[in-house]
Amino acid sequence: ESDQIAASVHAGVRLSRAGGVVAVGDIAGAVRGSASLLAADALRDTGMAGVSFVEFFAIGAGAAERAQHAIELVRDNHHRFTGRHRLGIQPHATNTVSLAAYAHALAAAHDLGLPAMTHLAESPEERRFVAEAQGPQRKLLEDLGLWTDDIAEEFGRGRSPIEHLAATLAESRIAAVHVNQCSDVDLELLVQNQTPVVYCPRASAYFGAEHHFGPHRYRDMLAAGLTVAVGTDSIVNLPAGTDRISPLDEIRFLHARDGTDPMTLLEMATLHAARALGIDDRAVRIAPEAAPLGLVAVPAPPGDFSRPADAIARSDSAPRIVLE
C-alpha cells in the first residue's frame with residue numbers, strides 16, 4: 001500500500017513538473033479513512049516545494065478521536081517538514097467533518113503556525129447534506145454505524161455550506177477549495193473573513209458544477225478583493241492522454257471560455273496560489289530581494305503580443321522549468 005501511494009505521488013510530481021509546477025499544495029489523502037503521512041513523506045522525498053495537507057474525516061461516532069489522531073500526527077511530525085516542504089492540515093469537507101473537529105484542528109494549526117485547507121461548497125450532495133441532513137452522505141454514515149443524534153442537531157438547518165462554516169471561517173484562516181456554490185450572502189461571508197479560494201476550473205466543468213450552481217463566481221470574488229488561486233484537482237478530470245498537470249492549462253481554459261484578462265489569470269496561478277498555501281510572496285516574484293522557488297519558460301506562439309501574459313494565455317505550448 002505504501003509503495004502504491006509513493007508511486008502515485010511520484011507520478012503526480014512528474015506530471016506537475018511537466019506542467020511547469022515548482023510548488024504544490026497536495027491533499028495528502030486519508031488512508032482507509034485515517035490520517036496518514038505516507039503521501040507527505042513521498043512528496044518530501046521528491047524535492048518538490050510546497051505543502052502536504054494531512055487530510056482527515058471526523059463526523060458522527062468517533063469523530064473526536066479521528067480528529068485528535070490527525071492533529072497528533074501533524075503535531076508530532078511537522079518538525080520533519082521544514083524549508084521548501086511543509087505540513088498543513090485539511091479537515092476534508094463540511095459534510096464529512098463536524099464543526100467541533102474543524103475548530104479543534106484549526107486551533108492546532110494556528111498554534112503550530114501551519115496552513116489549513118478544506119473542500120467547501122463543492123457538490124450538490126454536500127449542499128443537500130448540510131441543508132437537509134439527507135442524501136447519500138447520510139446513508140453512508142448510517143451504513144457505517146456512524147450516524148448520531150449530534151449530527152442531526154448540527155445539520156439540516158437550511159444553511160449553505162459556507163453559512164454552516166461561517167463561525168469557523170471567522171475564527172481561523174483556512175483556504176477553501178472549489179466554492180462552486182456561492183450566493184451573495186456566501187460571498188459576503190467570504191469577503192468578511194478574507195477566506196482564500198482555490199478554484200479548479202476544469203474539475204468544476206467535468207463534474208457539471210455550472211449546471212448545479214450556475215457559473216463560478218471567481219471574477220466577483222476577485223473584484224471583492226479575495227485571494228483566488230487556480231487549482232488542478234486531479235488527473236481524473238483531465239482529458240484522456242493528458243501528459244501534464246498544469247495551472248497554465250487551467251488559466252488557458254478560463255481565458256478561452258471567459259475572456260478573463262491574462263495578467264489576472266497569471267496572478268491567480270502564481271501570487272494568489274502562493275498566498276493560499278501560506279507561501280511568502282517573494283517565492284513567486286522576480287524582483288530585488290525576492291527568492292523565487294523556480295523559473296518557468298513558456299514558448300510564445302507566433303504573433304505580436306503586448307504582454308508576456310497574453311502570449312502565455314493564448315499558447316498551448318508545454319512550459320519548461322529552467323530553474324528549481
# chains A, B, ... in the order shown; residues from 1 in each chain; ligands from 1
>>> select_by_dssp(residues="stretch 70-266 of chain A", states="strand (DSSP E)", output="list in words")
His85, Arg86, Leu87, Gly88, Ile89, Gln90, Pro91, Met117, Thr118, His119, Leu120, Ala175, Ala176, Val177, His178, Val197, Val198, Tyr199, Val228, Ala229 and Val230 of chain A
>>> write_last_selection(atoms="N, CA, C and O atoms", output="compact mmCIF listing (two decimals), in the first residue's frame")
# COMPACT_ATOMS: atom_id res chain seq x y z
N HIS A 85 9.33 22.34 1.93
CA HIS A 85 8.16 21.47 2.01
C HIS A 85 7.64 21.43 3.44
O HIS A 85 8.35 21.02 4.35
N ARG A 86 6.38 21.85 3.61
CA ARG A 86 5.80 21.92 4.95
C ARG A 86 4.57 21.03 5.05
O ARG A 86 3.98 20.65 4.04
N LEU A 87 4.18 20.75 6.28
CA LEU A 87 2.90 20.09 6.52
C LEU A 87 1.82 21.13 6.72
O LEU A 87 2.07 22.24 7.19
N GLY A 88 0.60 20.77 6.37
CA GLY A 88 -0.58 21.54 6.70
C GLY A 88 -1.63 20.57 7.20
O GLY A 88 -1.39 19.35 7.27
N ILE A 89 -2.80 21.08 7.53
CA ILE A 89 -3.88 20.21 7.99
C ILE A 89 -5.13 20.47 7.17
O ILE A 89 -5.39 21.60 6.75
N GLN A 90 -5.90 19.41 6.91
CA GLN A 90 -7.01 19.50 5.98
C GLN A 90 -8.25 18.74 6.46
O GLN A 90 -8.43 17.57 6.13
N PRO A 91 -9.10 19.40 7.26
CA PRO A 91 -10.41 18.81 7.50
C PRO A 91 -11.09 18.63 6.14
O PRO A 91 -11.18 19.59 5.37
N MET A 117 -6.54 23.93 5.01
CA MET A 117 -7.32 23.94 3.77
C MET A 117 -8.50 22.99 3.93
O MET A 117 -8.44 22.03 4.72
N THR A 118 -9.60 23.25 3.21
CA THR A 118 -10.75 22.34 3.24
C THR A 118 -11.48 22.43 1.92
O THR A 118 -11.41 23.44 1.21
N HIS A 119 -12.20 21.35 1.56
CA HIS A 119 -13.13 21.41 0.45
C HIS A 119 -14.40 22.11 0.94
O HIS A 119 -14.89 21.80 2.03
N LEU A 120 -14.94 23.03 0.14
CA LEU A 120 -16.09 23.79 0.60
C LEU A 120 -17.01 24.12 -0.58
O LEU A 120 -16.57 24.59 -1.62
N ALA A 175 -7.98 28.02 3.79
CA ALA A 175 -8.28 28.17 2.37
C ALA A 175 -9.40 27.22 1.98
O ALA A 175 -9.47 26.08 2.46
N ALA A 176 -10.29 27.68 1.12
CA ALA A 176 -11.46 26.92 0.70
C ALA A 176 -11.30 26.49 -0.75
O ALA A 176 -11.16 27.34 -1.64
N VAL A 177 -11.34 25.18 -0.99
CA VAL A 177 -11.16 24.64 -2.33
C VAL A 177 -12.52 24.43 -3.00
O VAL A 177 -13.43 23.89 -2.39
N HIS A 178 -12.63 24.86 -4.22
CA HIS A 178 -13.79 24.73 -5.11
C HIS A 178 -14.72 25.93 -5.00
O HIS A 178 -14.78 26.77 -5.87
N VAL A 197 -9.67 31.39 -1.72
CA VAL A 197 -10.42 30.40 -2.50
C VAL A 197 -9.49 29.76 -3.53
O VAL A 197 -8.68 30.46 -4.16
N VAL A 198 -9.60 28.46 -3.69
CA VAL A 198 -8.86 27.74 -4.73
C VAL A 198 -9.88 27.16 -5.70
O VAL A 198 -10.60 26.22 -5.38
N TYR A 199 -9.96 27.75 -6.89
CA TYR A 199 -10.92 27.35 -7.91
C TYR A 199 -10.25 26.39 -8.88
O TYR A 199 -9.17 26.68 -9.40
N VAL A 228 -7.87 34.51 -4.94
CA VAL A 228 -8.46 33.39 -5.67
C VAL A 228 -7.36 32.73 -6.49
O VAL A 228 -6.84 33.33 -7.44
N ALA A 229 -6.99 31.52 -6.11
CA ALA A 229 -5.97 30.77 -6.83
C ALA A 229 -6.64 29.78 -7.78
O ALA A 229 -7.81 29.44 -7.62
N VAL A 230 -5.89 29.31 -8.78
CA VAL A 230 -6.38 28.21 -9.61
C VAL A 230 -5.73 26.92 -9.13
O VAL A 230 -4.55 26.89 -8.80
>>> select_by_dssp(residues="stretch 24-211 of chain A", states="alpha helix (DSSP H)", output="PyMOL selection string")
chain A and resi 38-46+63-77+99-112+124-132+136-143+149-154+161-164+166-171+184-193+201-206+209-211
>>> closest_atom_pairs(of="stretch 214-274 of chain A", to="stretch 296-302 of chain A", cutoff="12 Å", atoms="only C-alpha atoms", output="tab-separated table")
residue	atom	partner	partner_atom	distance
A:Ser246	CA	A:Val296	CA	11.8
A:Leu248	CA	A:Val298	CA	9.6
A:Asp249	CA	A:Val298	CA	11.8
A:Thr270	CA	A:Val296	CA	11.3
>>> closest_residue(among="A:Arg66, A:Arg75, A:His10, A:Arg285", to="A:Asp45", atoms="only C-alpha atoms")
A:His10
>>> residues_around(residues="A:Gly25", least_positions_apart="5", cutoff="7 Å", atoms="only C-alpha atoms", output="MDAnalysis selection string")
chainID A and resid 50:52 277
>>> write_last_selection(atoms="N, CA and C atoms", output="PDB file, in the first residue's frame")
ATOM      1  N   GLY A  50       6.438  23.068  -1.441  1.00  0.00           N
ATOM      2  CA  GLY A  50       5.009  23.252  -1.237  1.00  0.00           C
ATOM      3  C   GLY A  50       4.537  22.752   0.109  1.00  0.00           C
ATOM      4  N   VAL A  51       3.252  22.355   0.144  1.00  0.00           N
ATOM      5  CA  VAL A  51       2.598  21.951   1.385  1.00  0.00           C
ATOM      6  C   VAL A  51       1.857  20.638   1.167  1.00  0.00           C
ATOM      7  N   SER A  52       2.059  19.700   2.090  1.00  0.00           N
ATOM      8  CA  SER A  52       1.245  18.483   2.139  1.00  0.00           C
ATOM      9  C   SER A  52       0.192  18.684   3.222  1.00  0.00           C
ATOM     10  N   LEU A 277      -1.470  29.004  -0.038  1.00  0.00           N
ATOM     11  CA  LEU A 277      -0.681  27.960   0.612  1.00  0.00           C
ATOM     12  C   LEU A 277       0.140  28.479   1.787  1.00  0.00           C
TER      13      LEU A 277
END
>>> atom_distance(atom1="atom CA of A:Pro161", atom2="atom CA of A:Ser123")
9.9 Å
>>> decode(residues="stretch 176-297 of chain A", atoms="C-alpha atoms", output="PDB file, in the first residue's frame")
ATOM      1  CA  ALA A 176     -11.455  26.920   0.704  1.00  0.00           C
ATOM      2  CA  VAL A 177     -11.163  24.639  -2.334  1.00  0.00           C
ATOM      3  CA  HIS A 178     -13.786  24.729  -5.115  1.00  0.00           C
ATOM      4  CA  VAL A 179     -16.558  27.066  -3.777  1.00  0.00           C
ATOM      5  CA  ASN A 180     -18.791  26.191  -6.708  1.00  0.00           C
ATOM      6  CA  GLN A 181     -21.874  27.212  -4.715  1.00  0.00           C
ATOM      7  CA  CYS A 182     -21.714  30.883  -3.735  1.00  0.00           C
ATOM      8  CA  SER A 183     -24.753  33.092  -3.180  1.00  0.00           C
ATOM      9  CA  ASP A 184     -24.482  36.806  -2.490  1.00  0.00           C
ATOM     10  CA  VAL A 185     -24.716  36.022   1.227  1.00  0.00           C
ATOM     11  CA  ASP A 186     -21.976  33.413   0.870  1.00  0.00           C
ATOM     12  CA  LEU A 187     -19.755  35.849  -0.997  1.00  0.00           C
ATOM     13  CA  GLU A 188     -20.228  38.464   1.704  1.00  0.00           C
ATOM     14  CA  LEU A 189     -19.168  35.931   4.357  1.00  0.00           C
ATOM     15  CA  LEU A 190     -16.049  35.014   2.388  1.00  0.00           C
ATOM     16  CA  VAL A 191     -15.136  38.684   1.994  1.00  0.00           C
ATOM     17  CA  GLN A 192     -15.777  39.474   5.653  1.00  0.00           C
ATOM     18  CA  ASN A 193     -13.401  36.706   6.671  1.00  0.00           C
ATOM     19  CA  GLN A 194     -10.923  37.162   3.788  1.00  0.00           C
ATOM     20  CA  THR A 195     -11.106  33.445   3.049  1.00  0.00           C
ATOM     21  CA  PRO A 196      -8.715  32.410   0.243  1.00  0.00           C
ATOM     22  CA  VAL A 197     -10.418  30.397  -2.500  1.00  0.00           C
ATOM     23  CA  VAL A 198      -8.862  27.740  -4.733  1.00  0.00           C
ATOM     24  CA  TYR A 199     -10.925  27.351  -7.910  1.00  0.00           C
ATOM     25  CA  CYS A 200     -10.359  24.237 -10.045  1.00  0.00           C
ATOM     26  CA  PRO A 201     -11.894  25.231 -13.406  1.00  0.00           C
ATOM     27  CA  ARG A 202     -11.617  22.025 -15.374  1.00  0.00           C
ATOM     28  CA  ALA A 203     -12.679  19.897 -12.407  1.00  0.00           C
ATOM     29  CA  SER A 204     -15.757  22.074 -11.916  1.00  0.00           C
ATOM     30  CA  ALA A 205     -16.586  21.748 -15.612  1.00  0.00           C
ATOM     31  CA  TYR A 206     -16.004  17.981 -15.570  1.00  0.00           C
ATOM     32  CA  PHE A 207     -18.433  17.464 -12.684  1.00  0.00           C
ATOM     33  CA  GLY A 208     -21.031  19.850 -14.105  1.00  0.00           C
ATOM     34  CA  ALA A 209     -20.851  22.386 -11.288  1.00  0.00           C
ATOM     35  CA  GLU A 210     -22.185  25.162 -13.512  1.00  0.00           C
ATOM     36  CA  HIS A 211     -25.294  23.068 -14.201  1.00  0.00           C
ATOM     37  CA  HIS A 212     -25.911  22.660 -10.459  1.00  0.00           C
ATOM     38  CA  PHE A 213     -24.881  26.094  -9.184  1.00  0.00           C
ATOM     39  CA  GLY A 214     -24.534  28.459 -12.125  1.00  0.00           C
ATOM     40  CA  PRO A 215     -21.255  29.998 -13.355  1.00  0.00           C
ATOM     41  CA  HIS A 216     -18.432  30.086 -10.841  1.00  0.00           C
ATOM     42  CA  ARG A 217     -18.112  33.499  -9.223  1.00  0.00           C
ATOM     43  CA  TYR A 218     -14.323  33.742  -9.242  1.00  0.00           C
ATOM     44  CA  ARG A 219     -14.448  37.118 -11.004  1.00  0.00           C
ATOM     45  CA  ASP A 220     -16.855  38.505  -8.409  1.00  0.00           C
ATOM     46  CA  MET A 221     -14.546  37.169  -5.701  1.00  0.00           C
ATOM     47  CA  LEU A 222     -11.534  38.864  -7.263  1.00  0.00           C
ATOM     48  CA  ALA A 223     -13.435  42.121  -7.680  1.00  0.00           C
ATOM     49  CA  ALA A 224     -14.330  41.956  -3.981  1.00  0.00           C
ATOM     50  CA  GLY A 225     -10.647  41.684  -3.070  1.00  0.00           C
ATOM     51  CA  LEU A 226     -10.402  37.972  -2.293  1.00  0.00           C
ATOM     52  CA  THR A 227      -7.352  35.825  -2.950  1.00  0.00           C
ATOM     53  CA  VAL A 228      -8.461  33.387  -5.670  1.00  0.00           C
ATOM     54  CA  ALA A 229      -5.972  30.767  -6.833  1.00  0.00           C
ATOM     55  CA  VAL A 230      -6.381  28.212  -9.611  1.00  0.00           C
ATOM     56  CA  GLY A 231      -6.047  24.554  -8.716  1.00  0.00           C
ATOM     57  CA  THR A 232      -5.773  21.406 -10.808  1.00  0.00           C
ATOM     58  CA  ASP A 233      -7.640  18.929  -8.552  1.00  0.00           C
ATOM     59  CA  SER A 234      -6.535  15.620 -10.133  1.00  0.00           C
ATOM     60  CA  ILE A 235      -5.753  13.893 -13.389  1.00  0.00           C
ATOM     61  CA  VAL A 236      -9.102  12.083 -13.203  1.00  0.00           C
ATOM     62  CA  ASN A 237     -10.945  15.105 -14.581  1.00  0.00           C
ATOM     63  CA  LEU A 238      -8.415  15.945 -17.306  1.00  0.00           C
ATOM     64  CA  PRO A 239      -8.709  14.861 -20.951  1.00  0.00           C
ATOM     65  CA  ALA A 240      -7.611  11.324 -21.779  1.00  0.00           C
ATOM     66  CA  GLY A 241      -3.952  11.147 -22.731  1.00  0.00           C
ATOM     67  CA  THR A 242      -3.003  14.246 -20.735  1.00  0.00           C
ATOM     68  CA  ASP A 243       0.767  14.339 -20.250  1.00  0.00           C
ATOM     69  CA  ARG A 244       0.941  17.148 -17.699  1.00  0.00           C
ATOM     70  CA  ILE A 245      -0.915  18.667 -14.754  1.00  0.00           C
ATOM     71  CA  SER A 246      -0.596  22.410 -15.131  1.00  0.00           C
ATOM     72  CA  PRO A 247      -2.159  25.568 -13.696  1.00  0.00           C
ATOM     73  CA  LEU A 248      -1.264  27.172 -17.035  1.00  0.00           C
ATOM     74  CA  ASP A 249      -3.728  24.866 -18.762  1.00  0.00           C
ATOM     75  CA  GLU A 250      -6.368  25.880 -16.214  1.00  0.00           C
ATOM     76  CA  ILE A 251      -5.878  29.587 -16.921  1.00  0.00           C
ATOM     77  CA  ARG A 252      -5.836  28.937 -20.659  1.00  0.00           C
ATOM     78  CA  PHE A 253      -9.176  27.179 -20.220  1.00  0.00           C
ATOM     79  CA  LEU A 254     -10.579  30.217 -18.394  1.00  0.00           C
ATOM     80  CA  HIS A 255      -9.194  32.665 -20.943  1.00  0.00           C
ATOM     81  CA  ALA A 256     -10.754  30.727 -23.823  1.00  0.00           C
ATOM     82  CA  ARG A 257     -14.092  30.289 -22.061  1.00  0.00           C
ATOM     83  CA  ASP A 258     -14.492  33.595 -20.222  1.00  0.00           C
ATOM     84  CA  GLY A 259     -12.068  36.014 -21.850  1.00  0.00           C
ATOM     85  CA  THR A 260     -10.566  36.808 -18.454  1.00  0.00           C
ATOM     86  CA  ASP A 261      -7.570  39.147 -18.512  1.00  0.00           C
ATOM     87  CA  PRO A 262      -4.377  37.041 -18.856  1.00  0.00           C
ATOM     88  CA  MET A 263      -2.472  39.052 -16.253  1.00  0.00           C
ATOM     89  CA  THR A 264      -5.224  38.399 -13.724  1.00  0.00           C
ATOM     90  CA  LEU A 265      -5.132  34.711 -14.575  1.00  0.00           C
ATOM     91  CA  LEU A 266      -1.354  34.563 -14.256  1.00  0.00           C
ATOM     92  CA  GLU A 267      -1.575  36.154 -10.815  1.00  0.00           C
ATOM     93  CA  MET A 268      -4.148  33.507  -9.828  1.00  0.00           C
ATOM     94  CA  ALA A 269      -1.706  30.759 -10.826  1.00  0.00           C
ATOM     95  CA  THR A 270       1.295  32.279  -9.039  1.00  0.00           C
ATOM     96  CA  LEU A 271       0.875  35.043  -6.461  1.00  0.00           C
ATOM     97  CA  HIS A 272      -2.615  34.053  -5.305  1.00  0.00           C
ATOM     98  CA  ALA A 273      -1.666  30.372  -5.260  1.00  0.00           C
ATOM     99  CA  ALA A 274       1.309  31.089  -3.010  1.00  0.00           C
ATOM    100  CA  ARG A 275      -0.851  33.124  -0.632  1.00  0.00           C
ATOM    101  CA  ALA A 276      -3.457  30.348  -0.437  1.00  0.00           C
ATOM    102  CA  LEU A 277      -0.681  27.960   0.612  1.00  0.00           C
ATOM    103  CA  GLY A 278       0.853  30.333   3.108  1.00  0.00           C
ATOM    104  CA  ILE A 279       3.976  30.776   0.966  1.00  0.00           C
ATOM    105  CA  ASP A 280       5.762  34.139   1.058  1.00  0.00           C
ATOM    106  CA  ASP A 281       5.112  36.385  -1.971  1.00  0.00           C
ATOM    107  CA  ARG A 282       8.860  36.619  -2.578  1.00  0.00           C
ATOM    108  CA  ALA A 283       8.859  32.945  -3.577  1.00  0.00           C
ATOM    109  CA  VAL A 284       6.902  33.696  -6.758  1.00  0.00           C
ATOM    110  CA  ARG A 285       8.310  37.063  -7.755  1.00  0.00           C
ATOM    111  CA  ILE A 286      11.280  38.102  -9.836  1.00  0.00           C
ATOM    112  CA  ALA A 287      12.363  41.278  -8.108  1.00  0.00           C
ATOM    113  CA  PRO A 288      15.094  42.646  -5.851  1.00  0.00           C
ATOM    114  CA  GLU A 289      15.235  40.705  -2.572  1.00  0.00           C
ATOM    115  CA  ALA A 290      12.882  38.046  -3.951  1.00  0.00           C
ATOM    116  CA  ALA A 291      13.711  34.357  -3.551  1.00  0.00           C
ATOM    117  CA  PRO A 292      11.785  32.563  -6.311  1.00  0.00           C
ATOM    118  CA  LEU A 293      11.240  28.833  -5.886  1.00  0.00           C
ATOM    119  CA  GLY A 294      11.765  28.358  -9.604  1.00  0.00           C
ATOM    120  CA  LEU A 295      11.728  29.856 -13.061  1.00  0.00           C
ATOM    121  CA  VAL A 296       9.491  28.583 -15.855  1.00  0.00           C
ATOM    122  CA  ALA A 297       9.833  29.269 -19.577  1.00  0.00           C
TER     123      ALA A 297
END
